[in-house]
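Colleague: Here you go, this is upload_28.cif (mmCIF, C-alpha atoms).
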```
data_final
loop_
_atom_site.group_PDB
_atom_site.id
_atom_site.type_symbol
_atom_site.label_atom_id
_atom_site.label_comp_id
_atom_site.auth_asym_id
_atom_site.auth_seq_id
_atom_site.Cartn_x
_atom_site.Cartn_y
_atom_site.Cartn_z
ATOM 1 C CA MET V 1 242.696 80.203 37.706
ATOM 2 C CA SER V 2 241.202 81.524 40.931
ATOM 3 C CA GLN V 3 239.613 84.943 41.142
ATOM 4 C CA GLU V 4 240.469 87.396 43.881
ATOM 5 C CA LYS V 5 237.858 90.013 44.743
ATOM 6 C CA GLU V 6 238.973 93.124 46.572
ATOM 7 C CA THR V 7 236.807 95.886 48.034
ATOM 8 C CA HIS V 8 237.727 99.060 49.881
ATOM 9 C CA GLU V 9 235.790 102.066 51.154
ATOM 10 C CA SER V 10 237.690 104.324 48.752
ATOM 11 C CA TYR V 11 237.012 102.297 45.574
ATOM 12 C CA GLY V 12 234.570 103.848 43.113
ATOM 13 C CA THR V 13 233.691 104.354 39.461
ATOM 14 C CA ILE V 14 232.331 107.292 37.485
ATOM 15 C CA SER V 15 230.560 107.095 34.142
ATOM 16 C CA PHE V 16 228.860 109.424 31.675
ATOM 17 C CA THR V 17 225.991 108.186 29.517
ATOM 18 C CA ARG V 18 224.193 109.940 26.702
ATOM 19 C CA VAL V 19 220.399 109.736 27.103
ATOM 20 C CA ASN V 20 218.422 110.659 23.980
ATOM 21 C CA GLY V 21 214.734 111.336 23.501
ATOM 22 C CA ALA V 22 213.881 111.431 27.209
ATOM 23 C CA GLY V 23 211.109 114.016 26.756
ATOM 24 C CA ASP V 24 211.140 117.664 27.745
ATOM 25 C CA ILE V 25 213.273 117.591 30.903
ATOM 26 C CA PRO V 26 213.783 120.703 33.044
ATOM 27 C CA LEU V 27 217.342 121.036 34.318
ATOM 28 C CA PHE V 28 218.727 123.121 37.148
ATOM 29 C CA GLY V 29 220.648 126.111 35.797
ATOM 30 C CA SER V 30 219.172 125.863 32.288
ATOM 31 C CA SER V 31 216.565 128.235 30.851
ATOM 32 C CA ILE V 32 215.114 125.639 28.452
ATOM 33 C CA ASN V 33 213.771 122.075 28.622
ATOM 34 C CA HIS V 34 215.878 119.317 27.081
ATOM 35 C CA GLN V 35 215.237 116.105 25.168
ATOM 36 C CA ASN V 36 218.879 114.981 25.225
ATOM 37 C CA VAL V 37 220.894 114.887 28.437
ATOM 38 C CA ILE V 38 224.160 113.518 29.808
ATOM 39 C CA MET V 39 223.791 111.217 32.830
ATOM 40 C CA LEU V 40 226.509 111.082 35.493
ATOM 41 C CA GLU V 41 226.782 108.049 37.798
ATOM 42 C CA VAL V 42 229.157 107.596 40.728
ATOM 43 C CA MET V 43 229.231 104.101 42.232
ATOM 44 C CA THR V 44 231.135 102.110 44.813
ATOM 45 C CA ALA V 45 233.390 99.538 43.184
ATOM 46 C CA GLU V 46 235.273 96.298 43.593
ATOM 47 C CA ARG V 47 238.348 94.974 41.858
ATOM 48 C CA THR V 48 238.613 91.379 40.651
ATOM 49 C CA ARG V 49 241.935 89.852 39.687
ATOM 50 C CA ASN V 50 241.494 87.290 36.893
ATOM 51 C CA LEU V 51 243.353 86.236 33.757
ATOM 52 C CA SER V 52 246.388 88.241 34.903
ATOM 53 C CA ARG V 53 244.561 91.567 34.862
ATOM 54 C CA ASP V 54 242.360 93.735 37.067
ATOM 55 C CA TRP V 55 238.621 93.956 36.358
ATOM 56 C CA ILE V 56 236.808 96.958 37.857
ATOM 57 C CA HIS V 57 233.076 96.701 38.499
ATOM 58 C CA GLY V 58 230.663 99.275 39.875
ATOM 59 C CA ASN V 59 228.349 98.137 42.656
ATOM 60 C CA LYS V 60 226.074 100.522 44.531
ATOM 61 C CA VAL V 61 224.977 103.873 43.087
ATOM 62 C CA ILE V 62 226.148 106.756 45.270
ATOM 63 C CA LEU V 63 225.120 109.617 43.021
ATOM 64 C CA GLN V 64 223.098 109.945 39.832
ATOM 65 C CA ALA V 65 222.661 113.280 38.114
ATOM 66 C CA VAL V 66 221.889 114.669 34.685
ATOM 67 C CA MET V 67 223.068 117.747 32.816
ATOM 68 C CA SER V 68 222.620 119.306 29.420
ATOM 69 C CA PRO V 69 225.293 118.726 26.762
ATOM 70 C CA ALA V 70 226.278 122.386 27.155
ATOM 71 C CA GLN V 71 226.666 121.963 30.939
ATOM 72 C CA PHE V 72 228.757 118.841 30.380
ATOM 73 C CA ALA V 73 231.053 120.668 27.973
ATOM 74 C CA GLU V 74 231.344 123.593 30.407
ATOM 75 C CA ALA V 75 232.164 121.286 33.318
ATOM 76 C CA ILE V 76 235.059 119.543 31.607
ATOM 77 C CA THR V 77 236.512 122.625 29.907
ATOM 78 C CA SER V 78 236.275 125.058 32.850
ATOM 79 C CA LEU V 79 238.329 123.304 35.514
ATOM 80 C CA GLY V 80 238.765 125.447 38.614
ATOM 81 C CA GLN V 81 236.804 128.368 37.191
ATOM 82 C CA GLY V 82 233.764 129.945 38.795
ATOM 83 C CA GLY V 83 231.518 128.385 41.419
ATOM 84 C CA GLY V 84 230.880 125.101 39.612
ATOM 85 C CA THR V 85 228.611 123.939 36.808
ATOM 86 C CA PRO V 86 224.947 123.285 37.671
ATOM 87 C CA ILE V 87 223.762 119.672 37.537
ATOM 88 C CA THR V 88 220.390 118.126 38.345
ATOM 89 C CA LEU V 89 220.501 115.533 41.129
ATOM 90 C CA GLU V 90 218.271 112.504 40.525
ATOM 91 C CA PHE V 91 219.466 110.126 43.245
ATOM 92 C CA VAL V 92 221.897 110.367 46.163
ATOM 93 C CA ALA V 93 222.861 107.471 48.446
ATOM 94 C CA GLY V 94 220.491 107.462 51.403
ATOM 95 C CA ASP V 95 217.484 108.685 49.434
ATOM 96 C CA GLU V 96 214.394 106.501 49.742
ATOM 97 C CA GLN V 97 213.247 107.430 46.262
ATOM 98 C CA ARG V 98 214.387 109.382 43.245
ATOM 99 C CA ARG V 99 214.414 113.142 43.604
ATOM 100 C CA ARG V 100 211.758 115.265 41.961
ATOM 101 C CA PRO V 101 212.747 117.228 38.828
ATOM 102 C CA PRO V 102 213.347 120.952 39.253
ATOM 103 C CA PRO V 103 210.628 123.465 38.370
ATOM 104 C CA ALA V 104 210.159 124.169 34.675
ATOM 105 C CA PRO V 105 212.101 127.191 33.383
ATOM 106 C CA ARG V 106 210.249 130.487 33.900
ATOM 107 C CA VAL V 107 212.643 132.877 32.180
ATOM 108 C CA ARG V 108 210.003 134.432 29.927
ATOM 109 C CA GLU V 109 207.532 134.875 32.797
ATOM 110 C CA GLN V 110 210.242 136.444 34.945
ATOM 111 C CA PHE V 111 211.199 138.922 32.236
ATOM 112 C CA ASP V 112 207.520 139.719 31.587
ATOM 113 C CA ALA V 113 206.974 140.488 35.268
ATOM 114 C CA GLU V 114 210.114 142.628 35.444
ATOM 115 C CA VAL V 115 209.154 144.598 32.317
ATOM 116 C CA HIS V 116 205.636 145.262 33.620
ATOM 117 C CA GLU V 117 206.962 146.271 37.039
ATOM 118 C CA SER V 118 209.445 148.677 35.473
ATOM 119 C CA MET V 119 206.765 150.110 33.158
ATOM 120 C CA ALA V 120 204.316 150.623 36.035
ATOM 121 C CA HIS V 121 206.998 152.469 37.995
ATOM 122 C CA SER V 122 207.750 154.695 34.977
ATOM 123 C CA ILE V 123 204.033 155.489 34.537
ATOM 124 C CA GLU V 124 203.826 156.493 38.201
ATOM 125 C CA ILE V 125 206.666 158.967 37.671
ATOM 126 C CA VAL V 126 205.007 160.374 34.531
ATOM 127 C CA ASP V 127 201.682 160.752 36.414
ATOM 128 C CA GLU V 128 203.433 162.731 39.138
ATOM 129 C CA LEU V 129 204.949 165.034 36.519
ATOM 130 C CA ILE V 130 201.589 165.483 34.771
ATOM 131 C CA GLU V 131 200.037 166.689 38.031
ATOM 132 C CA LYS V 132 202.784 169.295 38.432
ATOM 133 C CA THR V 133 202.831 170.706 34.885
ATOM 134 C CA LYS V 134 200.498 172.549 32.533
ATOM 135 C CA GLY V 135 200.183 173.504 28.890
ATOM 136 C CA THR V 136 202.324 171.930 26.172
ATOM 137 C CA VAL V 137 204.541 169.999 28.582
ATOM 138 C CA ARG V 138 201.503 168.404 30.221
ATOM 139 C CA ARG V 139 200.062 167.340 26.837
ATOM 140 C CA ARG V 140 203.374 165.834 25.783
ATOM 141 C CA LEU V 141 203.604 163.903 29.043
ATOM 142 C CA GLU V 142 200.076 162.581 28.538
ATOM 143 C CA ILE V 143 201.039 161.387 25.045
ATOM 144 C CA LEU V 144 204.136 159.728 26.502
ATOM 145 C CA ARG V 145 202.029 157.990 29.132
ATOM 146 C CA GLY V 146 199.679 156.632 26.475
ATOM 147 C CA ARG V 147 202.580 155.241 24.489
ATOM 148 C CA LEU V 148 204.057 153.595 27.563
ATOM 149 C CA GLU V 149 200.751 151.850 28.291
ATOM 150 C CA SER V 150 199.977 150.694 24.749
ATOM 151 C CA ASN V 151 203.114 150.472 22.618
ATOM 152 C CA LEU V 152 205.683 148.964 24.979
ATOM 153 C CA PRO V 153 203.609 145.898 26.022
ATOM 154 C CA PHE V 154 202.930 145.141 22.340
ATOM 155 C CA VAL V 155 206.610 145.407 21.377
ATOM 156 C CA GLN V 156 207.606 143.309 24.386
ATOM 157 C CA GLU V 157 205.103 140.575 23.435
ATOM 158 C CA GLN V 158 206.358 140.462 19.838
ATOM 159 C CA PHE V 159 209.933 140.261 21.065
ATOM 160 C CA ALA V 160 209.059 137.378 23.426
ATOM 161 C CA ARG V 161 207.350 135.423 20.632
ATOM 162 C CA GLN V 162 210.324 135.847 18.322
ATOM 163 C CA MET V 163 212.710 134.790 21.091
ATOM 164 C CA ASP V 164 210.645 131.627 21.675
ATOM 165 C CA ARG V 165 211.000 130.708 18.006
ATOM 166 C CA THR V 166 214.708 131.523 17.991
ATOM 167 C CA VAL V 167 215.362 129.493 21.145
ATOM 168 C CA THR V 168 213.525 126.463 19.717
ATOM 169 C CA GLU V 169 215.648 126.562 16.579
ATOM 170 C CA ALA V 170 218.904 127.236 18.419
ATOM 171 C CA LYS V 171 218.289 124.515 21.027
ATOM 172 C CA ALA V 172 218.110 121.775 18.411
ATOM 173 C CA GLU V 173 221.291 123.003 16.725
ATOM 174 C CA MET V 174 223.267 123.454 19.961
ATOM 175 C CA GLU V 175 222.307 120.112 21.485
ATOM 176 C CA ALA V 176 223.069 118.242 18.271
ATOM 177 C CA TYR V 177 226.479 119.916 18.091
ATOM 178 C CA ALA V 178 227.304 119.349 21.760
ATOM 179 C CA LEU V 179 226.224 115.686 21.642
ATOM 180 C CA ALA V 180 228.373 115.110 18.578
ATOM 181 C CA ARG V 181 231.383 116.869 20.124
ATOM 182 C CA HIS V 182 231.379 115.813 23.779
ATOM 183 C CA PRO V 183 233.376 112.564 23.384
ATOM 184 C CA GLN V 184 236.054 114.513 21.501
ATOM 185 C CA ILE V 185 236.099 117.229 24.161
ATOM 186 C CA ALA V 186 236.315 114.775 27.043
ATOM 187 C CA VAL V 187 238.933 112.375 25.739
ATOM 188 C CA PRO V 188 240.984 113.947 22.942
ATOM 189 C CA ALA V 189 244.117 112.122 24.058
ATOM 190 C CA MET V 190 242.469 108.706 23.699
ATOM 191 C CA THR V 191 241.745 109.303 20.024
ATOM 192 C CA ARG V 192 245.208 110.620 19.180
ATOM 193 C CA GLN V 193 247.316 108.200 17.139
ATOM 194 C CA PRO V 194 250.880 107.503 18.375
ATOM 195 C CA GLU V 195 253.641 108.998 16.320
ATOM 196 C CA ALA V 196 255.427 106.573 14.032
ATOM 197 C CA LEU V 197 258.963 105.646 14.984
ATOM 198 C CA PRO V 198 261.690 106.745 12.552
ATOM 199 C CA PRO V 199 263.085 103.968 10.365
ATOM 200 C CA ALA V 200 266.185 102.261 11.729
ATOM 201 C CA GLU V 201 269.453 103.226 10.089
ATOM 202 C CA GLU V 202 271.374 100.492 8.311
ATOM 203 C CA ASP V 203 274.909 99.800 9.423
#
```
Just dump the structure as structure tokens.
Modeller:
Amino acid sequence: MSQEKETHESYGTISFTRVNGAGDIPLFGSSINHQNVIMLEVMTAERTRNLSRDWIHGNKVILQAVMSPAQFAEAITSLGQGGGTPITLEFVAGDEQRRRPPPAPRVREQFDAEVHESMAHSIEIVDELIEKTKGTVRRRLEILRGRLESNLPFVQEQFARQMDRTVTEAKAEMEAYALARHPQIAVPAMTRQPEALPPAEED
């Protein structure tokens, strides 16, 4: 039986692939690195008619991107909500080479800088008050200044260390859960069994 190949500028395919153990990958819109990601591929396609059915085949890659399991779940369960789910582009048609990965997450460094900036501003205010006061109030302000300079940085550092440990533990749990659940989230209807027909009544 002859095969008929058909192409059209509007024909395309989309696929999602689970990629495990790819190393610590930084992703756009995520505050942690990931070892497990979901890869999205959009390709041009052709249709072949053979054996009385249509066979769809992807051809040229138009877009390749990756996302975390949590981003994948958000994308397919939040249709029409917000400004879109972040993804990390790896290749787009027309590129001469694959795109560079995004910068590594700097959430802790950003919070550290913001805390120190806020503390320095508070110390400046306290210093201005110290210059304008005397007696007991001045001594209390000096004690407060000392605590701001010594105690708060220590507490902030301990909090950051604990958060690092908590994030490491939570990341493994969340990614394992999302990877196990994402096929069920994406295609629940495909796994649903058809309802049995009622038995026929005898005449």
Colleague: Using atom CA of Arg100 of chain V and atom CA of Ile87 of chain V as the two end points, give the distance in Å to one decimal.
Modeller: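 These atoms are spaced 13.5 Å apart.
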Colleague: Please expand the PyMOL selection byres ((chain V and resi 30-42) around 10) into the concrete residues it hits in this file, giving the result as a VMD selection string.
Modeller: chain V and resid 12 to 29 43 to 45 58 to 72 86 to 93 104 to 108 167 to 168 171 to 172 175 to 176 179 182
Colleague: The PyMOL selection byres ((chain V and resi 46) around 6) on the file shown: which residues, as a list in words?
Modeller: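 Residues picked by the PyMOL selection byres ((chain V and resi 46) around 6): Glu6, Thr7, Ala45, Arg47, Ile56 and His57 of chain V.
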Colleague: Work out how far apart atom CA of Val115 of chain V and atom CA of Val137 of chain V are and give it in Å to one decimal.
Modeller: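 Distance reported for this atom pair: 26.1 Å.
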Colleague: Could you state which residues are captured by the PyMOL selection byres ((chain V and resi 123-128) around 9) in this file, as a PyMOL selection string?
Modeller: chain V and resi 118-122+129-132+141-142+144-145+148-149
Colleague: Identify which of the residues V:Ala170, V:Ala160, V:Thr136, V:Asn50 lies closest to Gln110 of chain V, counting only C-alpha atoms when measuring atom-to-atom distances.
Modeller: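 Nearest to Gln110 of chain V: V:Ala160.
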Colleague: Mind giving me the straight-line distance from atom CA of Gly84 of chain V to atom CA of Arg99 of chain V in Å, one decimal?
Modeller: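 Atom-to-atom, atom CA of Gly84 of chain V and atom CA of Arg99 of chain V are spaced 20.7 Å apart.
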Colleague: Around all the atoms of segment 97-114 of chain V listed in the file, draw an axis-aligned box and extend it by 8 Å on each of the six sides; I want its centre and edge lengths in Å to one decimal, as AutoDock Vina command-line options.
Modeller:
```
--center_x 210.7 --center_y 125.0 --center_z 38.1 --size_x 23.4 --size_y 51.2 --size_z 32.3
```
Colleague: May I ask which of the residues V:Leu51, V:Ala75, V:Met163, V:Val155 is the closest one to Gln3 of chain V, counting all atoms listed in the file?
Modeller: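 Under the stated criterion, the closest residue is V:Leu51.
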Colleague: Keeping N, CA, C and O atoms (and nothing else), can you write segment 53-65 of chain V of this structure as a short mmCIF file (atom, residue, chain, number, x, y, z; two decimals), in the first residue's frame?
Modeller:
```cif
data_model
loop_
_atom_site.label_atom_id
_atom_site.label_comp_id
_atom_site.auth_asym_id
_atom_site.auth_seq_id
_atom_site.Cartn_x
_atom_site.Cartn_y
_atom_site.Cartn_z
N ARG V 53 -4.40 4.58 8.41
CA ARG V 53 -4.38 5.50 9.55
C ARG V 53 -3.35 6.59 9.31
O ARG V 53 -2.49 6.48 8.45
N ASP V 54 -3.46 7.66 10.10
CA ASP V 54 -2.53 8.77 10.01
C ASP V 54 -1.39 8.58 11.02
O ASP V 54 -1.63 8.26 12.19
N TRP V 55 -0.16 8.81 10.55
CA TRP V 55 1.02 8.75 11.40
C TRP V 55 1.63 10.15 11.45
O TRP V 55 1.95 10.75 10.42
N ILE V 56 1.75 10.69 12.67
CA ILE V 56 2.28 12.04 12.85
C ILE V 56 3.73 11.95 13.31
O ILE V 56 4.04 11.22 14.26
N HIS V 57 4.60 12.68 12.63
CA HIS V 57 6.02 12.67 12.98
C HIS V 57 6.53 14.10 13.12
O HIS V 57 6.26 14.95 12.26
N GLY V 58 7.28 14.35 14.17
CA GLY V 58 7.94 15.64 14.33
C GLY V 58 9.17 15.72 13.46
O GLY V 58 9.86 14.71 13.24
N ASN V 59 9.48 16.91 12.97
CA ASN V 59 10.64 17.10 12.10
C ASN V 59 11.68 18.02 12.73
O ASN V 59 12.57 17.58 13.42
N LYS V 60 11.51 19.31 12.53
CA LYS V 60 12.50 20.29 12.95
C LYS V 60 12.08 20.92 14.29
O LYS V 60 10.93 21.30 14.48
N VAL V 61 13.03 21.02 15.21
CA VAL V 61 12.77 21.62 16.51
C VAL V 61 12.58 23.13 16.35
O VAL V 61 13.44 23.82 15.80
N ILE V 62 11.46 23.63 16.82
CA ILE V 62 11.18 25.07 16.81
C ILE V 62 11.53 25.68 18.17
O ILE V 62 12.09 26.78 18.25
N LEU V 63 11.22 24.97 19.22
CA LEU V 63 11.43 25.47 20.57
C LEU V 63 11.76 24.32 21.49
O LEU V 63 11.11 23.27 21.44
N GLN V 64 12.77 24.53 22.34
CA GLN V 64 13.10 23.56 23.38
C GLN V 64 13.32 24.33 24.67
O GLN V 64 14.06 25.32 24.69
N ALA V 65 12.63 23.92 25.70
CA ALA V 65 12.71 24.62 26.98
C ALA V 65 12.59 23.60 28.10
O ALA V 65 12.10 22.48 27.90
#
```
